[in-house]
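K.L.:
The file below is start.pdb, PDB, C-alpha atoms:
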ATOM      1  CA  MET A  10     207.425 -15.754  13.693
ATOM      2  CA  THR A  11     208.744 -19.333  13.402
ATOM      3  CA  LEU A  12     212.233 -18.278  14.546
ATOM      4  CA  ALA A  13     210.805 -16.365  17.510
ATOM      5  CA  LEU A  14     208.712 -19.373  18.506
ATOM      6  CA  ALA A  15     211.700 -21.711  18.247
ATOM      7  CA  THR A  16     213.817 -19.368  20.405
ATOM      8  CA  ALA A  17     211.062 -19.179  23.014
ATOM      9  CA  LEU A  18     210.799 -22.973  23.097
ATOM     10  CA  ILE A  19     214.566 -23.323  23.544
ATOM     11  CA  LEU A  20     214.455 -20.893  26.471
ATOM     12  CA  ILE A  21     211.537 -22.746  28.083
ATOM     13  CA  VAL A  22     213.341 -26.093  27.774
ATOM     14  CA  ALA A  23     216.553 -24.587  29.159
ATOM     15  CA  LEU A  24     214.760 -23.190  32.187
ATOM     16  CA  ALA A  25     212.909 -26.466  32.691
ATOM     17  CA  LEU A  26     216.272 -28.233  32.819
ATOM     18  CA  ASP A  27     217.380 -25.710  35.445
ATOM     19  CA  TRP A  28     220.173 -24.400  33.207
ATOM     20  CA  ASN A  29     220.059 -21.036  34.970
ATOM     21  CA  ASN A  30     220.893 -22.632  38.336
ATOM     22  CA  PRO A  31     222.629 -25.992  37.768
ATOM     23  CA  ARG A  32     223.115 -27.410  41.270
ATOM     24  CA  PRO A  33     225.758 -30.154  41.383
ATOM     25  CA  GLY A  34     223.937 -33.437  41.364
ATOM     26  CA  ARG A  35     226.612 -35.534  43.053
ATOM     27  CA  PRO A  36     228.908 -35.312  46.089
ATOM     28  CA  PRO A  37     231.892 -32.969  45.732
ATOM     29  CA  ASP A  38     235.213 -34.346  44.489
ATOM     30  CA  TRP A  39     237.107 -32.366  47.113
ATOM     31  CA  GLN A  40     236.311 -30.565  50.356
ATOM     32  CA  ALA A  41     238.610 -28.164  52.160
ATOM     33  CA  PRO A  42     239.897 -29.592  55.451
ATOM     34  CA  ASP A  43     239.946 -27.680  58.740
ATOM     35  CA  LEU A  44     236.723 -25.788  58.087
ATOM     36  CA  PRO A  45     234.909 -23.872  59.504
ATOM     37  CA  LEU A  46     237.632 -21.256  59.864
ATOM     38  CA  ARG A  47     237.770 -17.529  60.473
ATOM     39  CA  LEU A  48     239.478 -15.159  58.059
ATOM     40  CA  GLU A  49     240.336 -11.643  59.240
ATOM     41  CA  ALA A  50     241.238  -8.643  57.100
ATOM     42  CA  SER A  51     242.527  -5.425  58.636
ATOM     43  CA  ALA A  52     241.202  -2.007  57.640
ATOM     44  CA  ASP A  53     241.897  -1.302  53.943
ATOM     45  CA  GLN A  54     243.707  -4.628  53.635
ATOM     46  CA  VAL A  55     243.083  -7.890  51.786
ATOM     47  CA  THR A  56     243.601 -11.377  53.178
ATOM     48  CA  VAL A  57     243.994 -14.281  50.748
ATOM     49  CA  LEU A  58     244.051 -17.892  51.905
ATOM     50  CA  LEU A  59     244.985 -20.320  49.138
ATOM     51  CA  LEU A  60     243.749 -23.865  49.513
ATOM     52  CA  ASN A  61     245.987 -26.651  48.282
ATOM     53  CA  HIS A  62     243.735 -27.640  45.404
ATOM     54  CA  PRO A  63     244.528 -26.661  41.782
ATOM     55  CA  GLY A  64     242.126 -26.969  38.899
ATOM     56  CA  GLY A  65     241.066 -25.667  35.519
ATOM     57  CA  ASP A  66     237.465 -26.565  34.716
ATOM     58  CA  PHE A  67     235.444 -26.968  37.906
ATOM     59  CA  THR A  68     232.625 -25.804  40.143
ATOM     60  CA  PHE A  69     233.726 -24.156  43.391
ATOM     61  CA  GLU A  70     231.313 -23.321  46.209
ATOM     62  CA  ALA A  71     231.615 -21.977  49.739
ATOM     63  CA  GLU A  72     229.317 -20.604  52.421
ATOM     64  CA  ALA A  73     230.466 -17.661  54.536
ATOM     65  CA  ILE A  74     229.131 -15.616  57.446
ATOM     66  CA  PRO A  75     230.443 -12.143  58.433
ATOM     67  CA  LEU A  76     231.047 -12.135  62.167
ATOM     68  CA  SER A  77     232.278  -8.614  62.887
ATOM     69  CA  GLY A  78     233.156  -5.327  61.245
ATOM     70  CA  PRO A  79     231.229  -2.729  59.234
ATOM     71  CA  GLU A  80     228.766  -3.614  56.481
ATOM     72  CA  LEU A  81     231.142  -2.074  53.951
ATOM     73  CA  ASN A  82     233.317  -5.141  53.508
ATOM     74  CA  GLY A  83     234.126  -7.860  51.014
ATOM     75  CA  TYR A  84     234.486 -11.626  51.224
ATOM     76  CA  GLY A  85     234.311 -14.546  48.841
ATOM     77  CA  LEU A  86     236.097 -17.012  46.605
ATOM     78  CA  VAL A  87     239.522 -17.011  45.000
ATOM     79  CA  TYR A  88     239.866 -19.104  41.845
ATOM     80  CA  ARG A  89     242.565 -19.951  39.295
ATOM     81  CA  ALA A  90     245.147 -18.313  41.545
ATOM     82  CA  GLN A  91     248.782 -18.414  40.422
ATOM     83  CA  ASP A  92     249.873 -17.239  43.861
ATOM     84  CA  ALA A  93     248.563 -14.991  46.640
ATOM     85  CA  ALA A  94     249.094 -11.883  44.483
ATOM     86  CA  HIS A  95     247.801 -13.135  41.110
ATOM     87  CA  TYR A  96     244.274 -14.496  41.068
ATOM     88  CA  TYR A  97     240.597 -13.962  40.318
ATOM     89  CA  THR A  98     238.112 -13.282  43.097
ATOM     90  CA  PHE A  99     234.321 -13.444  43.270
ATOM     91  CA  ALA A 100     233.186 -11.453  46.291
ATOM     92  CA  VAL A 101     230.110 -10.087  48.012
ATOM     93  CA  GLY A 102     229.667  -7.445  50.685
ATOM     94  CA  SER A 103     227.368  -7.255  53.697
ATOM     95  CA  ASP A 104     225.816  -4.158  52.104
ATOM     96  CA  GLY A 105     224.336  -6.212  49.247
ATOM     97  CA  TYR A 106     226.976  -5.638  46.548
ATOM     98  CA  TYR A 107     229.094  -8.135  44.591
ATOM     99  CA  ALA A 108     232.024  -7.986  42.155
ATOM    100  CA  VAL A 109     234.416 -10.133  40.111
ATOM    101  CA  LEU A 110     238.053  -9.008  39.900
ATOM    102  CA  ARG A 111     241.324 -10.059  38.347
ATOM    103  CA  VAL A 112     244.238  -9.190  40.629
ATOM    104  CA  GLU A 113     247.797  -8.965  39.297
ATOM    105  CA  GLY A 114     249.936  -7.635  42.134
ATOM    106  CA  ASP A 115     248.940  -4.022  42.709
ATOM    107  CA  GLU A 116     246.856  -3.922  39.519
ATOM    108  CA  LYS A 117     243.156  -4.765  39.867
ATOM    109  CA  THR A 118     240.810  -5.199  36.906
ATOM    110  CA  PHE A 119     237.064  -5.324  37.468
ATOM    111  CA  LEU A 120     235.482  -8.003  35.310
ATOM    112  CA  VAL A 121     232.209  -7.152  37.055
ATOM    113  CA  ASP A 122     232.262  -3.865  38.967
ATOM    114  CA  TRP A 123     230.726  -3.643  42.428
ATOM    115  CA  GLN A 124     226.953  -3.624  41.968
ATOM    116  CA  GLN A 125     223.867  -4.426  44.000
ATOM    117  CA  PHE A 126     222.252  -7.845  43.804
ATOM    118  CA  PRO A 127     218.868  -8.477  45.442
ATOM    119  CA  HIS A 128     219.649 -12.051  46.494
ATOM    120  CA  ILE A 129     222.615 -11.188  48.734
ATOM    121  CA  ARG A 130     221.730 -11.589  52.402
ATOM    122  CA  ARG A 131     222.820  -8.407  54.151
ATOM    123  CA  GLY A 132     224.428  -7.855  57.506
ATOM    124  CA  ARG A 133     225.686 -10.836  59.464
ATOM    125  CA  GLN A 134     223.766 -13.441  57.528
ATOM    126  CA  PRO A 135     225.256 -16.384  55.610
ATOM    127  CA  ASN A 136     225.765 -16.250  51.858
ATOM    128  CA  ARG A 137     226.548 -19.169  49.572
ATOM    129  CA  LEU A 138     228.770 -18.337  46.594
ATOM    130  CA  ARG A 139     229.299 -20.652  43.658
ATOM    131  CA  LEU A 140     231.185 -20.357  40.393
ATOM    132  CA  THR A 141     231.582 -22.707  37.465
ATOM    133  CA  CYS A 142     234.424 -22.328  34.971
ATOM    134  CA  MET A 143     235.158 -24.002  31.679
ATOM    135  CA  GLY A 144     237.917 -22.590  29.532
ATOM    136  CA  SER A 145     237.697 -18.813  29.535
ATOM    137  CA  THR A 146     234.026 -18.733  30.592
ATOM    138  CA  CYS A 147     232.931 -18.530  34.227
ATOM    139  CA  ARG A 148     229.400 -18.233  35.609
ATOM    140  CA  PHE A 149     228.610 -16.912  39.087
ATOM    141  CA  PHE A 150     225.779 -17.655  41.506
ATOM    142  CA  ILE A 151     224.817 -16.159  44.858
ATOM    143  CA  ASN A 152     222.480 -18.152  47.094
ATOM    144  CA  ASP A 153     221.641 -20.333  44.065
ATOM    145  CA  GLU A 154     220.640 -17.323  41.957
ATOM    146  CA  TYR A 155     222.490 -16.566  38.720
ATOM    147  CA  ALA A 156     224.473 -13.314  38.921
ATOM    148  CA  ALA A 157     226.850 -12.979  35.949
ATOM    149  CA  THR A 158     228.939 -14.606  33.216
ATOM    150  CA  VAL A 159     232.525 -13.497  32.555
ATOM    151  CA  GLU A 160     234.954 -14.245  29.731
ATOM    152  CA  ASP A 161     238.664 -13.921  30.575
ATOM    153  CA  SER A 162     241.550 -16.108  29.410
ATOM    154  CA  THR A 163     244.414 -14.640  31.442
ATOM    155  CA  TRP A 164     244.588 -17.796  33.581
ATOM    156  CA  LEU A 165     242.908 -21.088  32.727
ATOM    157  CA  MET A 166     244.393 -23.042  35.646
ATOM    158  CA  GLY A 167     245.119 -22.232  39.268
ATOM    159  CA  TYR A 168     244.387 -22.760  42.939
ATOM    160  CA  VAL A 169     241.120 -22.082  44.727
ATOM    161  CA  GLY A 170     241.024 -20.089  47.941
ATOM    162  CA  LEU A 171     239.181 -17.727  50.262
ATOM    163  CA  TRP A 172     239.221 -13.922  50.344
ATOM    164  CA  ALA A 173     238.340 -11.119  52.742
ATOM    165  CA  ARG A 174     238.766  -7.357  52.617
ATOM    166  CA  GLY A 175     238.270  -4.505  55.046
ATOM    167  CA  PHE A 176     237.280  -1.150  53.546
ATOM    168  CA  GLU A 177     236.800   1.225  56.465
ATOM    169  CA  ASN A 178     238.709   1.921  59.671
ATOM    170  CA  GLU A 179     237.772  -1.441  61.163
ATOM    171  CA  SER A 180     238.874  -4.970  60.473
ATOM    172  CA  VAL A 181     236.408  -7.575  59.239
ATOM    173  CA  VAL A 182     236.129 -11.188  60.392
ATOM    174  CA  VAL A 183     234.384 -13.764  58.208
ATOM    175  CA  GLN A 184     233.732 -17.399  59.010
ATOM    176  CA  PHE A 185     233.875 -19.792  56.071
ATOM    177  CA  VAL A 186     231.670 -22.747  56.903
ATOM    178  CA  ASN A 187     232.678 -24.987  54.012
ATOM    179  CA  ALA A 188     234.465 -24.996  50.661
ATOM    180  CA  ARG A 189     234.122 -27.707  48.062
ATOM    181  CA  VAL A 190     234.978 -28.450  44.447
ATOM    182  CA  TRP A 191     233.374 -30.534  41.719
ATOM    183  CA  ALA A 192     235.715 -31.388  38.862
ATOM    184  CA  GLY A 193     234.665 -30.828  35.271
ATOM    185  CA  ASP A 194     232.337 -28.418  33.494
ATOM    186  CA  MET A 195     229.262 -28.877  35.707
ATOM    187  CA  GLY A 196     226.981 -25.903  35.330
ATOM    188  CA  LEU A 197     228.229 -24.785  31.914
ATOM    189  CA  GLN A 198     226.257 -27.304  29.915
ATOM    190  CA  ARG A 199     224.878 -25.453  26.938
ATOM    191  CA  PRO A 200     221.092 -25.172  26.622
ATOM    192  CA  PRO A 201     219.457 -27.302  23.892
ATOM    193  CA  GLY A 202     219.721 -25.779  20.422
ATOM    194  CA  LEU A 203     222.651 -23.508  21.200
ATOM    195  CA  GLY A 204     226.084 -24.041  19.691
ATOM    196  CA  PRO A 205     229.194 -25.398  21.472
ATOM    197  CA  GLN A 206     230.211 -21.959  22.708
ATOM    198  CA  TYR A 207     232.035 -23.400  25.710
ATOM    199  CA  ARG A 208     234.405 -25.693  23.802
ATOM    200  CA  LEU A 209     238.061 -24.898  24.377
ATOM    201  CA  ALA A 210     239.941 -23.619  21.350
ATOM    202  CA  PRO A 211     243.290 -25.356  20.593
ATOM    203  CA  HIS A 212     245.335 -22.385  21.840
ATOM    204  CA  GLN A 213     243.321 -22.328  25.073
ATOM    205  CA  ARG A 214     244.039 -26.013  25.674
ATOM    206  CA  LEU A 215     247.755 -25.304  25.151
ATOM    207  CA  VAL A 216     247.669 -22.382  27.609
ATOM    208  CA  GLN A 217     245.806 -24.533  30.127
ATOM    209  CA  ARG A 218     248.390 -27.327  29.895
ATOM    210  CA  ARG A 219     251.269 -24.872  30.337
ATOM    211  CA  GLN A 220     249.652 -23.287  33.388
ATOM    212  CA  GLN A 221     248.974 -26.743  34.838
ATOM    213  CA  THR A 222     252.650 -27.655  34.405
ATOM    214  CA  ARG A 223     253.773 -24.460  36.171
ATOM    215  CA  LEU A 224     251.386 -25.150  39.071
ATOM    216  CA  ILE A 225     252.733 -28.694  39.473
ATOM    217  CA  LEU A 226     256.308 -27.382  39.538
ATOM    218  CA  ARG A 227     255.388 -24.759  42.162
ATOM    219  CA  GLN A 228     253.684 -27.396  44.290
ATOM    220  CA  ARG A 229     256.766 -29.646  44.147
ATOM    221  CA  THR A 230     258.970 -26.710  45.117
ATOM    222  CA  ARG A 231     256.797 -26.036  48.192
ATOM    223  CA  GLN A 232     256.976 -29.723  49.160
ATOM    224  CA  ARG A 233     260.777 -29.664  48.973
ATOM    225  CA  GLN A 234     260.897 -26.548  51.133
ATOM    226  CA  VAL A 235     258.715 -28.224  53.763
ATOM    227  CA  ILE A 236     260.949 -31.290  53.768
TER     228      ILE A 236
END
Show me the file's structure as structure tokens.

P.N.:
Amino acid sequence: MTLALATALILIVALALDWNNPRPGRPPDWQAPDLPLRLEASADQVTVLLLNHPGGDFTFEAEAIPLSGPELNGYGLVYRAQDAAHYYTFAVGSDGYYAVLRVEGDEKTFLVDWQQFPHIRRGRQPNRLRLTCMGSTCRFFINDEYAATVEDSTWLMGYVGLWARGFENESVVVQFVNARVWAGDMGLQRPPGLGPQYRLAPHQRLVQRRQQTRLILRQRTRQRQVI
């Protein structure tokens, strides 16, 4: 009985501290330039737009509005991308579904399969997507409502970006109103009384540093090509 009471108290305190929906309490550290912008994906095609902002542990948020196309579509956030063919994506559809995927070229792995979520605004209404990652743990929110937590250590560093997909015989056009990033582990603070489950293990820190080094080298290569 004592253990059950203590667990209930921990949960109450966690909810009181808004752990389930930790809104960033300060201005973003980075905002994508040149937004709003429209992203178009042809029928049965994916469009990925990488933004020139790498990171490892961060909160990434964007608001998007479908402008045209069928309700069977997909649009959302790209995070920890190695390039335009290797990345994670957190996406919603105008039909009220969402998913989290890891994309490695032609191979796609569902970390969260497409499923309905009651807080997705359907049709041509705006949706705000937010994710917070620390180490191999990422949490996902739709319109400030918690949706899922995923553990995956394939990539611990990478670029953020925007994503759109057409599923039927029509293209889809989505307008991204804003995109912004807060550095650090905002939103993955552990609730009181729970262990340090989000602390990076030594091998994860090593992987993160190696991926950061590769991203810096790729960025320098792109800069040389532009020059």

K.L.:
Restricting the calculation to only C-alpha atoms: of A:Arg47, A:Arg174, A:Arg32, A:Arg148, which residue gets closest to Leu120 (chain A)?

P.N.:
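Using only C-alpha atoms, Leu120 (chain A) sits closest to A:Arg148.
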
K.L.:
Show which residues sit within 6 Å of region 84-90 of chain A, as a list in words. Count only C-alpha atoms, and ignore same-chain residues fewer than 3 positions away.

P.N.:
His95, Tyr96, Tyr97, Thr98, Phe99, Ala100, Val101, Met166, Gly167, Tyr168, Val169, Gly170, Leu171, Trp172 and Ala173 of chain A

K.L.:
Might you spell out which residues the PyMOL selection byres ((chain A and resi 180) around 9) would select in the displayed file, as a list of chain:residue names?

P.N.:
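Evaluating the PyMOL selection byres ((chain A and resi 180) around 9) on these coordinates yields A:Glu49, A:Ala50, A:Ser51, A:Ala52, A:Asp53, A:Gln54, A:Ser77, A:Gly78, A:Pro79, A:Asn82, A:Arg174, A:Gly175, A:Phe176, A:Glu177, A:Asn178, A:Glu179, A:Val181, A:Val182.
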
K.L.:
For CA of Asn136 (chain A) and CA of Glu70 (chain A), quote the distance in Å rounded to one decimal.

P.N.:
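Result for CA of Asn136 (chain A) versus CA of Glu70 (chain A): 10.6 Å, one decimal.
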
K.L.:
Using all atoms listed in the file, can you tell me which of A:Gly144, A:Thr56, A:Thr163, A:Gly34 comes closest to Ala94 (chain A)?

P.N.:
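Under the stated criterion, the closest residue is A:Thr56.
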